[in-house]
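File shown here: final-v3.txt, holding compact mmCIF, C-alpha atoms.
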```txt
# COMPACT_ATOMS: atom_id res chain seq x y z
CA MET A 1 0.00 0.00 0.00
CA HIS A 2 1.22 3.51 -0.79
CA PRO A 3 2.30 5.12 2.51
CA ALA A 4 0.44 8.36 1.68
CA ARG A 5 -2.85 6.56 2.26
CA ALA A 6 -2.17 6.22 6.00
CA ARG A 7 -1.70 8.83 8.71
CA LEU A 8 -1.17 8.61 12.45
CA ILE A 9 -4.16 10.21 14.17
CA HIS A 10 -3.49 9.19 17.80
CA ASN A 11 0.13 9.42 18.88
CA ARG A 12 0.49 7.18 21.92
CA PRO A 13 3.38 5.03 23.12
CA GLN A 14 3.82 1.80 21.18
CA LEU A 15 2.23 -1.16 22.96
CA GLU A 16 2.41 -4.90 22.63
CA GLY A 17 -0.90 -6.46 21.69
CA PRO A 18 -3.12 -7.40 18.76
CA VAL A 19 -4.21 -5.12 15.93
CA LEU A 20 -7.86 -4.09 15.61
CA TYR A 21 -9.36 -2.74 12.39
CA TRP A 22 -12.41 -0.61 13.16
CA MET A 23 -14.37 -0.95 9.91
CA HIS A 24 -17.05 1.71 9.43
CA ARG A 25 -16.83 2.96 5.83
CA GLU A 26 -15.13 0.28 3.74
CA LEU A 27 -17.45 -2.65 4.46
CA ARG A 28 -15.68 -5.29 2.39
CA ALA A 29 -13.01 -7.95 2.75
CA GLN A 30 -11.58 -7.68 -0.77
CA ASP A 31 -9.87 -4.66 -2.35
CA ASN A 32 -9.68 -2.83 0.97
CA TRP A 33 -6.51 -0.82 1.62
CA THR A 34 -7.42 -0.33 5.29
CA LEU A 35 -7.70 -4.07 5.89
CA LEU A 36 -4.56 -4.77 3.89
CA HIS A 37 -2.58 -2.18 5.87
CA ALA A 38 -3.93 -3.49 9.19
CA GLN A 39 -2.86 -7.01 8.22
CA GLU A 40 0.57 -5.80 7.14
CA LEU A 41 1.07 -4.07 10.49
CA ALA A 42 -0.15 -7.14 12.37
CA GLN A 43 2.36 -9.30 10.51
CA GLU A 44 5.19 -6.85 11.20
CA ARG A 45 4.33 -6.91 14.90
CA ASP A 46 3.77 -10.69 14.92
CA GLN A 47 0.29 -10.10 16.32
CA PRO A 48 -3.20 -11.31 15.44
CA LEU A 49 -5.76 -9.14 13.66
CA ALA A 50 -9.51 -8.74 14.10
CA VAL A 51 -12.10 -6.58 12.39
CA ALA A 52 -14.68 -4.74 14.49
CA PHE A 53 -17.86 -3.05 13.36
CA CYS A 54 -20.20 -1.14 15.66
CA LEU A 55 -23.89 -0.91 14.85
CA ALA A 56 -24.92 2.57 15.93
CA GLN A 57 -28.10 3.02 17.90
CA ARG A 58 -29.08 5.73 15.43
CA TYR A 59 -27.72 7.39 12.32
CA PRO A 60 -29.13 10.69 11.01
CA LEU A 61 -31.96 10.07 8.51
CA ALA A 62 -30.99 6.46 7.80
CA ALA A 63 -34.00 4.20 7.18
CA LEU A 64 -34.51 0.52 7.97
CA ALA A 65 -33.83 -0.39 4.33
CA HIS A 66 -30.37 1.18 4.59
CA PHE A 67 -29.55 -0.87 7.70
CA ALA A 68 -30.91 -4.01 6.03
CA PHE A 69 -28.74 -3.46 2.96
CA MET A 70 -25.66 -2.71 5.05
CA LEU A 71 -26.01 -5.61 7.49
CA ARG A 72 -26.67 -8.25 4.84
CA GLY A 73 -23.52 -7.11 3.09
CA LEU A 74 -21.62 -7.22 6.37
CA GLN A 75 -22.77 -10.77 7.01
CA GLN A 76 -21.14 -11.80 3.73
CA THR A 77 -17.98 -9.88 4.60
CA ALA A 78 -17.82 -11.55 8.02
CA THR A 79 -18.09 -14.96 6.35
CA THR A 80 -15.24 -14.14 3.96
CA LEU A 81 -13.09 -12.91 6.85
CA ALA A 82 -13.82 -16.05 8.86
CA GLY A 83 -12.60 -18.14 5.93
CA LEU A 84 -9.32 -16.25 6.16
CA GLY A 85 -9.04 -16.79 9.90
CA ILE A 86 -9.78 -13.12 10.69
CA PRO A 87 -12.41 -12.69 13.42
CA PHE A 88 -15.29 -10.26 12.93
CA VAL A 89 -16.49 -8.52 16.09
CA LEU A 90 -19.93 -6.93 16.05
CA LEU A 91 -20.50 -4.25 18.69
CA ARG A 92 -23.59 -2.16 19.42
CA GLY A 93 -23.90 1.30 20.96
CA GLU A 94 -22.24 4.66 20.43
CA PRO A 95 -19.48 3.60 18.02
CA GLY A 96 -16.51 5.63 19.24
CA GLN A 97 -17.16 4.73 22.87
CA ALA A 98 -17.95 1.08 22.18
CA VAL A 99 -14.84 0.53 20.06
CA ALA A 100 -12.60 2.21 22.64
CA GLU A 101 -14.07 -0.01 25.36
CA TYR A 102 -13.57 -3.16 23.32
CA ALA A 103 -10.00 -2.10 22.51
CA ARG A 104 -9.33 -1.79 26.24
CA LEU A 105 -10.88 -5.16 27.08
CA ALA A 106 -9.01 -6.91 24.23
CA LYS A 107 -5.73 -5.20 25.22
CA ILE A 108 -5.05 -4.17 21.66
CA GLY A 109 -1.74 -2.52 20.83
CA LEU A 110 -2.76 -0.69 17.63
CA LEU A 111 -6.02 0.44 16.04
CA VAL A 112 -6.48 1.03 12.30
CA THR A 113 -9.60 2.65 10.87
CA ASP A 114 -11.22 4.11 7.74
CA ALA A 115 -11.03 7.79 6.78
CA ASP A 116 -14.40 9.55 6.50
CA PRO A 117 -14.97 13.34 6.51
CA THR A 118 -18.71 13.32 7.31
CA LYS A 119 -19.97 14.83 10.57
CA PRO A 120 -21.25 11.66 12.28
CA LYS A 121 -17.99 9.83 11.60
CA ARG A 122 -15.93 12.78 12.81
CA ALA A 123 -17.92 12.73 16.05
CA TRP A 124 -17.41 8.98 16.43
CA LEU A 125 -13.68 9.38 15.89
CA ALA A 126 -13.47 12.16 18.47
CA ASP A 127 -15.22 9.93 21.01
CA LEU A 128 -12.81 7.09 20.22
CA LEU A 129 -9.65 9.15 20.55
CA THR A 130 -10.78 10.63 23.85
CA ALA A 131 -10.75 7.16 25.43
CA LEU A 132 -8.29 5.15 23.32
CA HIS A 133 -5.14 3.96 25.11
CA CYS A 134 -3.03 2.98 22.08
CA PRO A 135 -1.87 4.49 18.76
CA ALA A 136 -4.39 4.80 15.93
CA ILE A 137 -3.87 5.03 12.17
CA GLU A 138 -6.42 6.25 9.61
CA VAL A 139 -6.33 4.91 6.05
CA ASP A 140 -7.97 6.49 3.00
CA ALA A 141 -9.31 3.45 1.15
CA ARG A 142 -12.22 5.36 -0.39
CA ASN A 143 -10.44 7.50 -2.97
CA VAL A 144 -8.15 6.38 -5.76
CA VAL A 145 -5.90 9.36 -5.00
CA PRO A 146 -6.01 9.92 -1.22
CA ALA A 147 -7.94 13.10 -0.48
CA ARG A 148 -5.23 14.66 1.69
CA ARG A 149 -2.56 13.91 -0.90
CA ALA A 150 -4.53 15.28 -3.86
CA THR A 151 -4.81 18.78 -2.39
CA ASP A 152 -4.72 20.51 0.98
CA LYS A 153 -7.56 22.95 0.35
CA ALA A 154 -11.15 23.11 -0.83
CA GLU A 155 -11.14 23.07 -4.63
CA TYR A 156 -13.24 25.57 -6.53
CA MET A 157 -14.58 23.17 -9.17
CA ALA A 158 -13.75 20.05 -11.16
CA ARG A 159 -11.32 21.83 -13.46
CA THR A 160 -9.12 22.83 -10.51
CA ILE A 161 -8.90 19.37 -8.92
CA ARG A 162 -8.79 17.33 -12.14
CA PRO A 163 -5.14 18.02 -13.08
CA LYS A 164 -4.01 17.35 -9.51
CA ILE A 165 -5.73 13.96 -9.49
CA GLN A 166 -4.65 13.03 -13.01
CA ARG A 167 -1.03 13.83 -12.20
CA LEU A 168 -1.10 11.44 -9.23
CA LEU A 169 -3.15 8.61 -10.76
CA PRO A 170 -0.14 6.63 -12.05
CA GLU A 171 1.25 6.67 -8.50
CA PHE A 172 -1.92 5.34 -6.85
CA LEU A 173 -3.92 3.41 -9.46
CA ASP A 174 -2.15 0.14 -8.78
CA PRO A 175 -3.56 -3.41 -8.51
CA TYR A 176 -4.67 -4.85 -5.19
CA PRO A 177 -2.77 -7.70 -3.55
CA ASP A 178 -4.76 -10.59 -2.15
CA ILE A 179 -5.67 -10.61 1.52
CA ALA A 180 -3.71 -13.43 3.16
CA PRO A 181 -5.03 -16.04 5.61
CA GLN A 182 -4.18 -15.31 9.23
CA GLY A 183 -2.31 -17.79 11.40
CA ARG A 184 -2.37 -16.12 14.80
CA ALA A 185 -5.47 -16.75 16.95
CA TRP A 186 -7.31 -13.79 18.47
CA PRO A 187 -6.69 -13.85 22.24
CA ALA A 188 -9.82 -12.07 23.46
CA PRO A 189 -13.34 -13.55 23.77
CA LEU A 190 -15.34 -13.28 20.55
CA PRO A 191 -19.07 -12.76 21.06
CA GLU A 192 -21.11 -14.80 18.61
CA VAL A 193 -23.28 -12.85 16.18
CA ASP A 194 -26.86 -14.02 15.88
CA TRP A 195 -27.25 -12.95 12.26
CA PRO A 196 -30.84 -14.18 11.72
CA ALA A 197 -32.08 -12.27 14.76
CA LEU A 198 -30.10 -9.17 13.83
CA LEU A 199 -31.33 -9.12 10.24
CA ALA A 200 -34.91 -9.68 11.36
CA GLU A 201 -34.74 -6.41 13.33
CA PHE A 202 -34.38 -4.39 10.13
CA GLY A 203 -36.55 -6.26 7.65
CA PRO A 204 -35.83 -7.32 4.07
CA ALA A 205 -33.14 -5.85 1.86
CA PRO A 206 -34.19 -3.51 -0.98
CA ALA A 207 -35.44 -5.57 -3.92
CA HIS A 208 -33.71 -3.55 -6.66
CA PHE A 209 -30.21 -3.80 -5.19
CA PRO A 210 -29.08 -7.15 -3.78
CA PRO A 211 -26.49 -6.36 -1.09
CA GLY A 212 -22.93 -7.49 -0.56
CA GLU A 213 -19.55 -7.80 -2.25
CA ALA A 214 -20.64 -10.55 -4.64
CA ALA A 215 -23.64 -8.52 -5.82
CA ALA A 216 -21.46 -5.43 -6.20
CA LYS A 217 -19.00 -7.38 -8.35
CA ALA A 218 -21.86 -8.73 -10.47
CA ALA A 219 -23.29 -5.21 -10.91
CA LEU A 220 -19.87 -3.94 -12.02
CA GLU A 221 -19.47 -6.77 -14.52
CA GLN A 222 -22.96 -6.13 -15.90
CA PHE A 223 -22.18 -2.44 -16.36
CA LEU A 224 -18.88 -3.17 -18.09
CA ARG A 225 -20.66 -5.44 -20.59
CA VAL A 226 -23.81 -3.43 -21.22
CA GLY A 227 -23.46 0.15 -19.98
CA LEU A 228 -19.85 1.18 -20.42
CA PRO A 229 -19.66 0.77 -24.23
CA ARG A 230 -22.38 3.42 -24.65
CA TYR A 231 -21.63 5.45 -21.51
CA ALA A 232 -20.32 8.54 -23.33
CA ASP A 233 -23.56 8.94 -25.30
CA ASP A 234 -26.30 7.58 -23.05
CA ARG A 235 -25.36 8.14 -19.41
CA ASN A 236 -27.48 11.28 -19.01
CA THR A 237 -30.80 9.96 -20.30
CA PRO A 238 -33.12 8.58 -17.60
CA LEU A 239 -34.70 6.25 -20.19
CA ASP A 240 -32.61 3.09 -20.56
CA PRO A 241 -29.55 4.90 -19.21
CA ALA A 242 -25.99 3.64 -19.49
CA SER A 243 -25.36 4.69 -15.90
CA SER A 244 -23.53 2.20 -13.70
CA ASN A 245 -26.01 1.96 -10.77
CA LEU A 246 -22.99 1.28 -8.55
CA SER A 247 -23.53 4.16 -6.12
CA PRO A 248 -25.20 2.11 -3.33
CA TYR A 249 -22.30 -0.35 -3.38
CA LEU A 250 -19.72 2.44 -3.44
CA HIS A 251 -21.49 4.31 -0.65
CA PHE A 252 -21.61 1.32 1.70
CA GLY A 253 -18.06 0.33 0.81
CA GLN A 254 -19.13 -3.00 -0.69
CA LEU A 255 -17.22 -2.07 -3.86
CA SER A 256 -13.92 -0.24 -4.24
CA ALA A 257 -13.87 2.67 -6.69
CA GLN A 258 -10.30 1.69 -7.50
CA ARG A 259 -11.42 -1.82 -8.49
CA ALA A 260 -14.12 -0.30 -10.72
CA ALA A 261 -11.54 2.01 -12.33
CA LEU A 262 -9.08 -0.82 -12.98
CA ALA A 263 -11.86 -2.95 -14.45
CA ALA A 264 -13.06 -0.13 -16.70
CA LEU A 265 -9.55 0.49 -18.00
CA ALA A 266 -9.27 -3.18 -18.94
CA ALA A 267 -12.72 -3.42 -20.50
CA PRO A 268 -13.31 -3.50 -24.29
CA ALA A 269 -15.03 -0.13 -24.63
CA PRO A 270 -14.46 3.05 -26.63
CA HIS A 271 -11.81 5.35 -25.20
CA GLU A 272 -14.27 8.23 -24.79
CA ALA A 273 -16.66 5.97 -22.82
CA ARG A 274 -13.92 4.92 -20.40
CA GLU A 275 -12.78 8.52 -19.98
CA ALA A 276 -16.33 9.72 -19.29
CA PHE A 277 -16.85 7.00 -16.68
CA LEU A 278 -13.52 7.65 -14.96
CA GLU A 279 -14.33 11.37 -14.82
CA GLN A 280 -17.45 10.56 -12.78
CA LEU A 281 -15.95 7.71 -10.77
CA ILE A 282 -12.71 9.45 -9.79
CA VAL A 283 -12.67 13.20 -10.43
CA ARG A 284 -16.27 14.02 -9.50
CA ARG A 285 -16.42 11.65 -6.53
CA GLU A 286 -13.11 12.90 -5.18
CA LEU A 287 -14.20 16.51 -5.67
CA ALA A 288 -17.17 15.69 -3.41
CA GLU A 289 -14.82 14.12 -0.85
CA ASN A 290 -12.66 17.25 -1.00
CA PHE A 291 -15.74 19.43 -0.41
CA CYS A 292 -16.76 17.61 2.75
CA LEU A 293 -13.19 17.23 4.02
CA HIS A 294 -12.40 20.94 3.78
CA THR A 295 -15.91 22.35 4.41
CA PRO A 296 -17.07 21.35 7.91
CA ASN A 297 -20.50 22.96 7.32
CA TYR A 298 -21.00 21.12 4.01
CA ASP A 299 -24.72 20.60 4.73
CA SER A 300 -25.48 24.29 5.33
CA VAL A 301 -25.99 27.32 3.10
CA ASP A 302 -22.83 28.68 4.74
CA ALA A 303 -20.96 26.26 2.45
CA PHE A 304 -22.23 28.07 -0.66
CA PRO A 305 -19.83 30.45 -2.45
CA ALA A 306 -20.28 34.14 -1.68
CA TRP A 307 -21.74 34.93 -5.11
CA ALA A 308 -24.45 32.26 -4.66
CA ARG A 309 -25.37 33.36 -1.14
CA ALA A 310 -25.67 36.95 -2.37
CA THR A 311 -27.85 36.15 -5.38
CA LEU A 312 -30.13 33.82 -3.40
CA GLU A 313 -30.56 36.50 -0.75
CA LYS A 314 -31.38 39.07 -3.43
CA HIS A 315 -34.13 36.78 -4.77
CA ARG A 316 -35.33 35.46 -1.40
CA HIS A 317 -38.68 37.21 -1.68
CA ASP A 318 -39.36 36.48 -5.35
CA ALA A 319 -42.78 35.01 -6.05
CA ARG A 320 -42.67 31.23 -6.37
CA PRO A 321 -44.77 29.54 -9.06
CA TYR A 322 -45.96 27.14 -6.35
CA VAL A 323 -45.26 26.73 -2.66
CA VAL A 324 -45.15 22.98 -2.17
CA SER A 325 -45.64 21.32 1.20
CA GLU A 326 -43.54 18.58 2.76
CA GLY A 327 -46.50 16.24 2.33
CA GLN A 328 -46.71 16.91 -1.40
CA LEU A 329 -43.01 16.16 -1.76
CA ASP A 330 -43.23 12.96 0.23
CA ALA A 331 -46.25 11.74 -1.74
CA ALA A 332 -44.91 12.71 -5.19
CA ALA A 333 -47.95 14.96 -5.57
CA THR A 334 -46.45 18.23 -6.80
CA PRO A 335 -47.63 20.20 -9.87
CA ASP A 336 -44.67 18.87 -11.90
CA PRO A 337 -45.31 15.39 -13.40
CA LEU A 338 -41.62 14.81 -14.17
CA TRP A 339 -40.63 15.58 -10.58
CA ASN A 340 -43.36 13.26 -9.35
CA ALA A 341 -42.13 10.45 -11.62
CA ALA A 342 -38.56 10.89 -10.39
CA GLN A 343 -39.77 10.83 -6.80
CA ARG A 344 -41.75 7.64 -7.50
CA GLN A 345 -38.59 6.07 -8.93
CA LEU A 346 -36.77 6.96 -5.71
CA LEU A 347 -39.58 5.66 -3.50
CA ALA A 348 -39.85 2.40 -5.44
CA THR A 349 -36.16 1.59 -5.91
CA GLY A 350 -34.08 3.60 -3.45
CA HIS A 351 -32.31 5.15 -6.42
CA MET A 352 -32.75 8.03 -8.86
CA HIS A 353 -30.98 8.73 -12.13
CA GLY A 354 -28.18 11.26 -11.58
CA TRP A 355 -29.34 13.90 -14.07
CA LEU A 356 -32.86 13.73 -12.69
CA ARG A 357 -31.57 14.11 -9.13
CA MET A 358 -30.18 17.53 -10.08
CA TYR A 359 -33.46 18.55 -11.72
CA TRP A 360 -35.39 17.18 -8.72
CA ALA A 361 -33.32 19.23 -6.25
CA LYS A 362 -33.53 22.46 -8.26
CA GLN A 363 -37.32 22.24 -8.46
CA ILE A 364 -37.41 21.97 -4.67
CA LEU A 365 -35.57 25.32 -4.54
CA LEU A 366 -38.12 26.81 -6.94
CA TRP A 367 -41.01 25.67 -4.68
CA SER A 368 -39.52 26.50 -1.26
CA ALA A 369 -39.62 29.70 0.75
CA ASP A 370 -35.83 30.11 0.72
CA ALA A 371 -32.57 28.29 0.05
CA GLU A 372 -32.25 27.14 3.66
CA THR A 373 -35.60 25.38 3.50
CA ALA A 374 -34.83 23.91 0.07
CA LEU A 375 -31.46 22.49 1.16
CA ALA A 376 -32.96 20.92 4.28
CA ARG A 377 -35.73 19.33 2.19
CA VAL A 378 -33.32 17.96 -0.41
CA LEU A 379 -31.07 16.43 2.23
CA ARG A 380 -33.98 14.96 4.17
CA LEU A 381 -35.50 13.28 1.14
CA ASN A 382 -32.22 12.13 -0.38
CA ASP A 383 -30.76 10.84 2.88
CA THR A 384 -33.95 9.10 3.97
CA LEU A 385 -35.00 7.54 0.66
CA SER A 386 -31.85 7.00 -1.38
CA LEU A 387 -29.61 4.00 -0.72
CA ASP A 388 -26.60 6.20 -1.51
CA GLY A 389 -27.79 9.01 0.76
CA ARG A 390 -25.77 10.40 3.69
CA ASP A 391 -22.77 10.39 1.37
CA VAL A 392 -20.23 13.05 0.37
CA ASN A 393 -21.57 12.87 -3.20
CA GLY A 394 -25.08 13.63 -2.00
CA TYR A 395 -23.94 16.60 0.07
CA ALA A 396 -21.90 18.01 -2.80
CA GLY A 397 -24.76 17.41 -5.24
CA ALA A 398 -27.26 19.21 -3.00
CA ALA A 399 -24.87 22.13 -2.55
CA TRP A 400 -24.33 22.31 -6.33
CA SER A 401 -28.06 22.21 -7.04
CA ILE A 402 -29.19 24.75 -4.45
CA GLY A 403 -26.11 26.89 -3.91
CA GLY A 404 -23.83 26.81 -6.94
CA VAL A 405 -20.99 24.91 -5.26
CA HIS A 406 -18.46 23.78 -7.91
CA ASP A 407 -20.42 25.80 -10.50
CA ARG A 408 -20.36 29.34 -11.88
CA PRO A 409 -22.91 32.16 -12.15
CA TRP A 410 -25.47 31.84 -14.95
CA PRO A 411 -27.86 34.40 -16.51
CA GLU A 412 -30.09 35.83 -13.79
CA ARG A 413 -33.67 34.69 -13.39
CA ALA A 414 -36.38 34.71 -10.74
CA VAL A 415 -35.86 32.69 -7.53
CA PHE A 416 -32.54 31.19 -8.68
CA GLY A 417 -30.79 34.49 -9.29
CA THR A 418 -27.56 33.50 -11.01
CA VAL A 419 -27.57 29.94 -9.67
CA ARG A 420 -28.05 27.53 -12.59
CA SER A 421 -31.68 26.51 -13.17
CA MET A 422 -33.08 23.41 -14.84
CA THR A 423 -36.50 23.37 -16.46
CA PHE A 424 -39.16 20.95 -17.65
CA GLY A 425 -38.67 22.29 -21.18
CA GLY A 426 -34.95 21.63 -21.00
CA ALA A 427 -35.64 18.08 -19.86
CA ALA A 428 -38.08 17.56 -22.74
CA ARG A 429 -35.37 18.56 -25.21
CA LYS A 430 -33.02 16.04 -23.64
CA PHE A 431 -35.14 12.88 -23.47
CA ASP A 432 -38.68 11.55 -23.86
CA VAL A 433 -40.16 13.00 -20.70
CA LYS A 434 -43.63 11.60 -21.40
CA ALA A 435 -42.27 8.05 -21.68
CA PHE A 436 -40.43 8.41 -18.36
CA ILE A 437 -43.54 9.80 -16.65
CA ASP A 438 -45.69 7.02 -18.09
CA THR A 439 -43.21 4.38 -16.92
CA TRP A 440 -43.29 5.49 -13.30
CA THR A 441 -47.01 6.20 -13.31
CA ARG A 442 -47.62 2.59 -14.40
CA ALA A 443 -45.12 1.35 -11.82
CA ARG A 444 -47.04 3.15 -9.10
CA LEU A 445 -50.33 1.64 -10.21
CA GLN A 446 -49.04 -1.95 -10.37
```

Take the structure from the file and write it as structure tokens.
Amino acid sequence: MHPARARLIHNRPQLEGPVLYWMHRELRAQDNWTLLHAQELAQERDQPLAVAFCLAQRYPLAALAHFAFMLRGLQQTATTLAGLGIPFVLLRGEPGQAVAEYARLAKIGLLVTDADPTKPKRAWLADLLTALHCPAIEVDARNVVPARRATDKAEYMARTIRPKIQRLLPEFLDPYPDIAPQGRAWPAPLPEVDWPALLAEFGPAPAHFPPGEAAAKAALEQFLRVGLPRYADDRNTPLDPASSNLSPYLHFGQLSAQRAALAALAAPAPHEAREAFLEQLIVRRELAENFCLHTPNYDSVDAFPAWARATLEKHRHDARPYVVSEGQLDAAATPDPLWNAAQRQLLATGHMHGWLRMYWAKQILLWSADAETALARVLRLNDTLSLDGRDVNGYAGAAWSIGGVHDRPWPERAVFGTVRSMTFGGAARKFDVKAFIDTWTRARLQ
């Protein structure tokens, strides 16, 4: 593993004892730089390794379907780890506190964990480090180019971060080694996980996205065969799109973006299709990571650029064509049939086409009293209903849609000011809006 992926985040005296990997973002056994680094350190220290995951009592806006998807994937990961002789420890409670307590009871000598810039994870990490007795290392296994290596500041837009990432890609876009079987036995008691009882707590997994590493791999292979060859031309149409539909697997860490990039580079597809996919998979995703890493208030209008805050304030009291209630949004019962169809797609599948998600968010701004209300509504709906919600990409997308983050001023118009707008007419020029509406109206009636 490239040493720039890891950083010491808790400088304590070196201790004898086993190595514990606190897994909370990269929920997979394969293609996981954090796990590989933890195993390497365990081997260097001649110590055993275990993986711990803590099921939080609550997570902001997460729904039962999200927990069901996550836990069924984790069950598969635990089985893979067991086959390698690596114990999987399931804890419950406040994650930072629970992991610190288990580390103390197991007398661990080193803790390794995933990097994650979102607010809940930052709070968990702060709780952990307050009570942890041993050194801790954080590994960026999410990004192809580690976020802290790519740049040390918030980037203005894709064109400013793209050359920095592209320059470093040859250094970091390397193949994964295999995870090796472990010979050393874990010395601490290992509580048995009652998976059937645990899964029953959260109900069935979402029907449209089978969970786990094997399903993620199958979805990637399907996209490489069917979607990637036409990705450059057809990714932005919501009707029979060439989009990858990998975002739930990437969000829950059941698939590595680096594995997807390596697979796309090796796939028989047109050069422009591969380049278009890698732009979204690497540059745009890592721009979102950069936004949340360097913008602590990423889910607030305070994160908007000054020009966007000023123009939205100037147009705060503009007449809205409609003022739509929370109930109308939830029920997909607004005056816009395209918005309603997109919302029905989200309600039915836990997923919405990426271009439509931007349109969907911008219409919420048009129908809300102000940008603050619109942003809160977008985040509530996206984080509650979308399987890839509560993610840096969702926060960056909401900030782009409502507040011009990573964008530029456009010609001024009512409500939006100089923030880019998207219209029903523009959508109709892009794809067969009626066919999309009909599809999701029929789906609702069935």

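Atom pair CA of Val392 (chain A) / CA of Arg230 (chain A): separated by 26.9 Å.
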
Hey, could you make a per-residue contact list for region 167-243 of chain A against region 42-45 of chain A with 10 Å as the cut-off, showing the nearest pair of atoms and its distance in Å to one decimal, counting all atoms listed in the file, sorted by chain and number, as CSV?
```
residue,atom,partner,partner_atom,distance
A:Gln182,CA,A:Gln43,CA,9.0
A:Gly183,CA,A:Gln43,CA,9.7
A:Arg184,CA,A:Gln43,CA,9.3
```

Do you know which residues are at most 10 Å from Thr423 (chain A) counting all atoms listed in the file, after dropping those on the same chain fewer than 4 positions away, and could you put them as a ChimeraX atom specification? /A:359-360,362-363,427-428

Asn11 (chain A) surroundings by all atoms listed in the file, 12 Å radius, close-in-sequence under 2 positions cut, as a ChimeraX atom specification: /A:7-9,13-15,110-111,129,132-138

Give me the residues near region 275-287 of chain A as a PyMOL selection string, where near means some atom within 10 Å (using only C-alpha atoms) and where sequence neighbours in that chain fewer than 4 positions away do not count. chain A and resi 142-147+150+154-166+169+228+231-233+235+243-244+246-247+250+257-258+260-262+264-265+270-271+291-293+392-394+396+406

Dump of C-alpha atoms for the selected residues, as a PDB file, in the coordinates of the input:
```pdb
ATOM      1  CA  ARG A 142     -12.220   5.360  -0.390  1.00  0.00           C
ATOM      2  CA  ASN A 143     -10.440   7.500  -2.970  1.00  0.00           C
ATOM      3  CA  VAL A 144      -8.150   6.380  -5.760  1.00  0.00           C
ATOM      4  CA  VAL A 145      -5.900   9.360  -5.000  1.00  0.00           C
ATOM      5  CA  PRO A 146      -6.010   9.920  -1.220  1.00  0.00           C
ATOM      6  CA  ALA A 147      -7.940  13.100  -0.480  1.00  0.00           C
ATOM      7  CA  ALA A 150      -4.530  15.280  -3.860  1.00  0.00           C
ATOM      8  CA  ALA A 154     -11.150  23.110  -0.830  1.00  0.00           C
ATOM      9  CA  GLU A 155     -11.140  23.070  -4.630  1.00  0.00           C
ATOM     10  CA  TYR A 156     -13.240  25.570  -6.530  1.00  0.00           C
ATOM     11  CA  MET A 157     -14.580  23.170  -9.170  1.00  0.00           C
ATOM     12  CA  ALA A 158     -13.750  20.050 -11.160  1.00  0.00           C
ATOM     13  CA  ARG A 159     -11.320  21.830 -13.460  1.00  0.00           C
ATOM     14  CA  THR A 160      -9.120  22.830 -10.510  1.00  0.00           C
ATOM     15  CA  ILE A 161      -8.900  19.370  -8.920  1.00  0.00           C
ATOM     16  CA  ARG A 162      -8.790  17.330 -12.140  1.00  0.00           C
ATOM     17  CA  PRO A 163      -5.140  18.020 -13.080  1.00  0.00           C
ATOM     18  CA  LYS A 164      -4.010  17.350  -9.510  1.00  0.00           C
ATOM     19  CA  ILE A 165      -5.730  13.960  -9.490  1.00  0.00           C
ATOM     20  CA  GLN A 166      -4.650  13.030 -13.010  1.00  0.00           C
ATOM     21  CA  LEU A 169      -3.150   8.610 -10.760  1.00  0.00           C
ATOM     22  CA  LEU A 228     -19.850   1.180 -20.420  1.00  0.00           C
ATOM     23  CA  TYR A 231     -21.630   5.450 -21.510  1.00  0.00           C
ATOM     24  CA  ALA A 232     -20.320   8.540 -23.330  1.00  0.00           C
ATOM     25  CA  ASP A 233     -23.560   8.940 -25.300  1.00  0.00           C
ATOM     26  CA  ARG A 235     -25.360   8.140 -19.410  1.00  0.00           C
ATOM     27  CA  SER A 243     -25.360   4.690 -15.900  1.00  0.00           C
ATOM     28  CA  SER A 244     -23.530   2.200 -13.700  1.00  0.00           C
ATOM     29  CA  LEU A 246     -22.990   1.280  -8.550  1.00  0.00           C
ATOM     30  CA  SER A 247     -23.530   4.160  -6.120  1.00  0.00           C
ATOM     31  CA  LEU A 250     -19.720   2.440  -3.440  1.00  0.00           C
ATOM     32  CA  ALA A 257     -13.870   2.670  -6.690  1.00  0.00           C
ATOM     33  CA  GLN A 258     -10.300   1.690  -7.500  1.00  0.00           C
ATOM     34  CA  ALA A 260     -14.120  -0.300 -10.720  1.00  0.00           C
ATOM     35  CA  ALA A 261     -11.540   2.010 -12.330  1.00  0.00           C
ATOM     36  CA  LEU A 262      -9.080  -0.820 -12.980  1.00  0.00           C
ATOM     37  CA  ALA A 264     -13.060  -0.130 -16.700  1.00  0.00           C
ATOM     38  CA  LEU A 265      -9.550   0.490 -18.000  1.00  0.00           C
ATOM     39  CA  PRO A 270     -14.460   3.050 -26.630  1.00  0.00           C
ATOM     40  CA  HIS A 271     -11.810   5.350 -25.200  1.00  0.00           C
ATOM     41  CA  PHE A 291     -15.740  19.430  -0.410  1.00  0.00           C
ATOM     42  CA  CYS A 292     -16.760  17.610   2.750  1.00  0.00           C
ATOM     43  CA  LEU A 293     -13.190  17.230   4.020  1.00  0.00           C
ATOM     44  CA  VAL A 392     -20.230  13.050   0.370  1.00  0.00           C
ATOM     45  CA  ASN A 393     -21.570  12.870  -3.200  1.00  0.00           C
ATOM     46  CA  GLY A 394     -25.080  13.630  -2.000  1.00  0.00           C
ATOM     47  CA  ALA A 396     -21.900  18.010  -2.800  1.00  0.00           C
ATOM     48  CA  HIS A 406     -18.460  23.780  -7.910  1.00  0.00           C
TER      49      HIS A 406
END
```

Atom pair CA of Gly83 (chain A) + CA of Ala180 (chain A), distance 10.4 Å

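Using only C-alpha atoms, the shortest contact distance between Arg377 (chain A) and any of A:Ala188, A:Ile437, A:Ala207, A:Leu329 is found at A:Leu329.
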